Structures are given as C-alpha cells and as structure tokens.
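J.: run-v2.pdb is reproduced in full below (PDB, C-alpha atoms).
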```pdb
ATOM      1  CA  MET A  11     -99.152 -48.088   1.872  1.00  0.00           C
ATOM      2  CA  LYS A  12    -101.001 -47.936   5.179  1.00  0.00           C
ATOM      3  CA  PRO A  13    -103.244 -50.922   6.006  1.00  0.00           C
ATOM      4  CA  LYS A  14    -106.958 -50.225   6.400  1.00  0.00           C
ATOM      5  CA  GLN A  15    -108.252 -50.063   9.931  1.00  0.00           C
ATOM      6  CA  SER A  16    -111.528 -51.706  10.817  1.00  0.00           C
ATOM      7  CA  ARG A  17    -114.270 -49.511  12.227  1.00  0.00           C
ATOM      8  CA  ALA A  18    -114.237 -51.435  15.497  1.00  0.00           C
ATOM      9  CA  THR A  19    -110.547 -50.647  16.008  1.00  0.00           C
ATOM     10  CA  SER A  20    -110.888 -46.966  15.193  1.00  0.00           C
ATOM     11  CA  SER A  21    -113.983 -46.745  17.399  1.00  0.00           C
ATOM     12  CA  ARG A  22    -112.104 -48.306  20.307  1.00  0.00           C
ATOM     13  CA  LYS A  23    -109.267 -45.839  19.882  1.00  0.00           C
ATOM     14  CA  ARG A  24    -111.648 -42.886  19.914  1.00  0.00           C
ATOM     15  CA  THR A  25    -113.320 -44.178  23.049  1.00  0.00           C
ATOM     16  CA  ALA A  26    -110.001 -44.714  24.820  1.00  0.00           C
ATOM     17  CA  SER A  27    -108.709 -41.260  23.954  1.00  0.00           C
ATOM     18  CA  SER A  28    -111.944 -39.550  24.952  1.00  0.00           C
ATOM     19  CA  THR A  29    -111.910 -41.448  28.249  1.00  0.00           C
ATOM     20  CA  ASN A  30    -108.385 -40.233  28.985  1.00  0.00           C
ATOM     21  CA  LYS A  31    -109.430 -36.633  28.375  1.00  0.00           C
ATOM     22  CA  SER A  32    -112.491 -36.758  30.603  1.00  0.00           C
ATOM     23  CA  SER A  33    -112.246 -35.236  34.043  1.00  0.00           C
ATOM     24  CA  ALA A  34    -113.678 -36.399  37.330  1.00  0.00           C
ATOM     25  CA  ARG A  35    -116.750 -34.971  38.930  1.00  0.00           C
ATOM     26  CA  GLY A  36    -116.906 -33.751  42.482  1.00  0.00           C
ATOM     27  CA  SER A  37    -119.418 -34.835  45.103  1.00  0.00           C
ATOM     28  CA  ARG A  38    -121.876 -32.155  44.010  1.00  0.00           C
ATOM     29  CA  GLY A  39    -121.568 -32.989  40.331  1.00  0.00           C
ATOM     30  CA  THR A  40    -119.258 -30.076  39.621  1.00  0.00           C
ATOM     31  CA  GLN A  41    -116.429 -30.736  37.259  1.00  0.00           C
ATOM     32  CA  LEU A  42    -112.984 -31.019  38.805  1.00  0.00           C
ATOM     33  CA  THR A  43    -110.016 -29.970  36.738  1.00  0.00           C
ATOM     34  CA  ALA A  44    -106.458 -30.524  37.811  1.00  0.00           C
ATOM     35  CA  THR A  45    -104.044 -28.023  36.373  1.00  0.00           C
ATOM     36  CA  PRO A  46    -100.406 -29.047  35.991  1.00  0.00           C
ATOM     37  CA  ARG A  47     -99.462 -26.529  38.676  1.00  0.00           C
ATOM     38  CA  LYS A  48    -102.057 -27.840  41.128  1.00  0.00           C
ATOM     39  CA  THR A  49    -100.983 -31.411  40.417  1.00  0.00           C
ATOM     40  CA  ALA A  50     -97.324 -30.515  41.006  1.00  0.00           C
ATOM     41  CA  GLU A  51     -98.182 -28.747  44.266  1.00  0.00           C
ATOM     42  CA  LEU A  52    -100.214 -31.740  45.458  1.00  0.00           C
ATOM     43  CA  ARG A  53     -97.377 -34.156  44.627  1.00  0.00           C
ATOM     44  CA  ALA A  54     -94.903 -31.926  46.478  1.00  0.00           C
ATOM     45  CA  ARG A  55     -97.113 -31.871  49.584  1.00  0.00           C
ATOM     46  CA  ILE A  56     -97.542 -35.648  49.479  1.00  0.00           C
ATOM     47  CA  ALA A  57     -93.791 -36.157  49.028  1.00  0.00           C
ATOM     48  CA  LYS A  58     -93.039 -33.869  51.979  1.00  0.00           C
ATOM     49  CA  ARG A  59     -95.500 -35.731  54.213  1.00  0.00           C
ATOM     50  CA  ALA A  60     -94.178 -39.120  53.062  1.00  0.00           C
ATOM     51  CA  TYR A  61     -90.675 -37.999  54.012  1.00  0.00           C
ATOM     52  CA  GLU A  62     -91.952 -36.934  57.454  1.00  0.00           C
ATOM     53  CA  LEU A  63     -93.363 -40.440  57.930  1.00  0.00           C
ATOM     54  CA  TYR A  64     -89.993 -41.883  56.866  1.00  0.00           C
ATOM     55  CA  GLU A  65     -88.249 -39.635  59.412  1.00  0.00           C
ATOM     56  CA  ARG A  66     -90.669 -40.666  62.152  1.00  0.00           C
ATOM     57  CA  ARG A  67     -89.841 -44.319  61.502  1.00  0.00           C
ATOM     58  CA  GLY A  68     -86.154 -43.542  62.060  1.00  0.00           C
ATOM     59  CA  TYR A  69     -85.191 -43.539  58.360  1.00  0.00           C
ATOM     60  CA  GLN A  70     -85.963 -47.247  58.054  1.00  0.00           C
ATOM     61  CA  ASP A  71     -85.986 -48.307  54.391  1.00  0.00           C
ATOM     62  CA  GLY A  72     -88.535 -50.556  52.732  1.00  0.00           C
ATOM     63  CA  TYR A  73     -91.721 -48.595  53.433  1.00  0.00           C
ATOM     64  CA  ALA A  74     -91.677 -45.968  50.670  1.00  0.00           C
ATOM     65  CA  LEU A  75     -94.919 -47.101  49.038  1.00  0.00           C
ATOM     66  CA  GLU A  76     -96.746 -47.376  52.370  1.00  0.00           C
ATOM     67  CA  ASP A  77     -95.477 -43.920  53.384  1.00  0.00           C
ATOM     68  CA  TRP A  78     -96.580 -42.434  50.052  1.00  0.00           C
ATOM     69  CA  ARG A  79    -100.057 -43.974  50.284  1.00  0.00           C
ATOM     70  CA  GLU A  80    -100.514 -42.850  53.891  1.00  0.00           C
ATOM     71  CA  ALA A  81     -99.348 -39.336  53.037  1.00  0.00           C
ATOM     72  CA  GLU A  82    -101.643 -39.215  50.019  1.00  0.00           C
ATOM     73  CA  ARG A  83    -104.614 -40.363  52.108  1.00  0.00           C
ATOM     74  CA  GLU A  84    -103.881 -37.772  54.803  1.00  0.00           C
ATOM     75  CA  ILE A  85    -103.500 -34.907  52.308  1.00  0.00           C
ATOM     76  CA  ARG A  86    -106.624 -35.810  50.335  1.00  0.00           C
ATOM     77  CA  ASP A  87    -108.675 -36.271  53.527  1.00  0.00           C
ATOM     78  CA  ALA A  88    -107.522 -32.871  54.758  1.00  0.00           C
ATOM     79  CA  GLU A  89    -108.472 -31.276  51.426  1.00  0.00           C
ATOM     80  CA  GLN A  90    -111.937 -32.824  51.536  1.00  0.00           C
ATOM     81  CA  ARG A  91    -112.447 -31.460  55.042  1.00  0.00           C
ATOM     82  CA  GLY A  92    -111.434 -28.043  53.765  1.00  0.00           C
ATOM     83  CA  GLY A  93    -108.381 -27.668  55.990  1.00  0.00           C
ATOM     84  CA  ALA A  94    -105.567 -28.539  53.611  1.00  0.00           C
ATOM     85  CA  ARG A  95    -102.462 -29.330  55.645  1.00  0.00           C
ATOM     86  CA  ARG A  96     -99.314 -27.500  54.557  1.00  0.00           C
TER      87      ARG A  96
END
```
Just give me the structure as structure tokens.
T.:
Amino acid sequence: MKPKQSRATSSRKRTASSTNKSSARGSRGTQLTATPRKTAELRARIAKRAYELYERRGYQDGYALEDWREAEREIRDAEQRGGARR
C-alpha cells in the first residue's frame, strides 16, 4: 500500500517539475528554446575553444574548468553580438 502524500509535498513536486520545464526569455521578452541539436552544437563549439586555450597554454594541465568557462563566455558573448565564432 502506498503512503498518502500531503498536499504540500505534492504541490512542491509540481512546482519543481514545472520550473524545470520552463524556458528562459531573451532580452526582448521572446521565448528562447534550446533544441538538443543546438545544445550539442554549442557544447561542441565551447569544447573546441577550450581545447584551443589549453593548446595556447602549452598543454599545461590543471586549468580545464577555467578554460571551459572562458570558452563558454567567449562563445556566448559572440552569439549575443550576432557574430557567432566558428
């Protein structure tokens, strides 16, 4: 037999799941949707740029997170300016 769930618990679960499904809004209030393909392409571009930063440093280990964050910032900034770097 399944135990009864309080309304507060079920309400919290609904709120959490609906929050996860919501999408971000752009600067002009338009809804942004990230398709799996677009997300995969973005991750690939960030990974490529992060590797370029790693190369530039002479393949020195220990900076993977910093390289990823820098690459992500550069790619997203370029997209916002409209000139996505490839």
J.: Report the residues retrieved by the PyMOL selection byres ((chain A and resi 63-66) around 12) from the displayed file, expressed as a ChimeraX atom specification.
T.: /A:56-62,67-82,84
J.: What's the separation between atom CA of Pro46 of chain A and atom CA of Ala88 of chain A, in Å to one decimal place?
T.: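 These atoms are spaced 20.4 Å apart.
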J.: Grab the atom CA of Gln90 of chain A to atom CA of Lys48 of chain A distance for me, in Å with one decimal place.
T.: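 Between atom CA of Gln90 of chain A and atom CA of Lys48 of chain A the gap works out to 15.2 Å.
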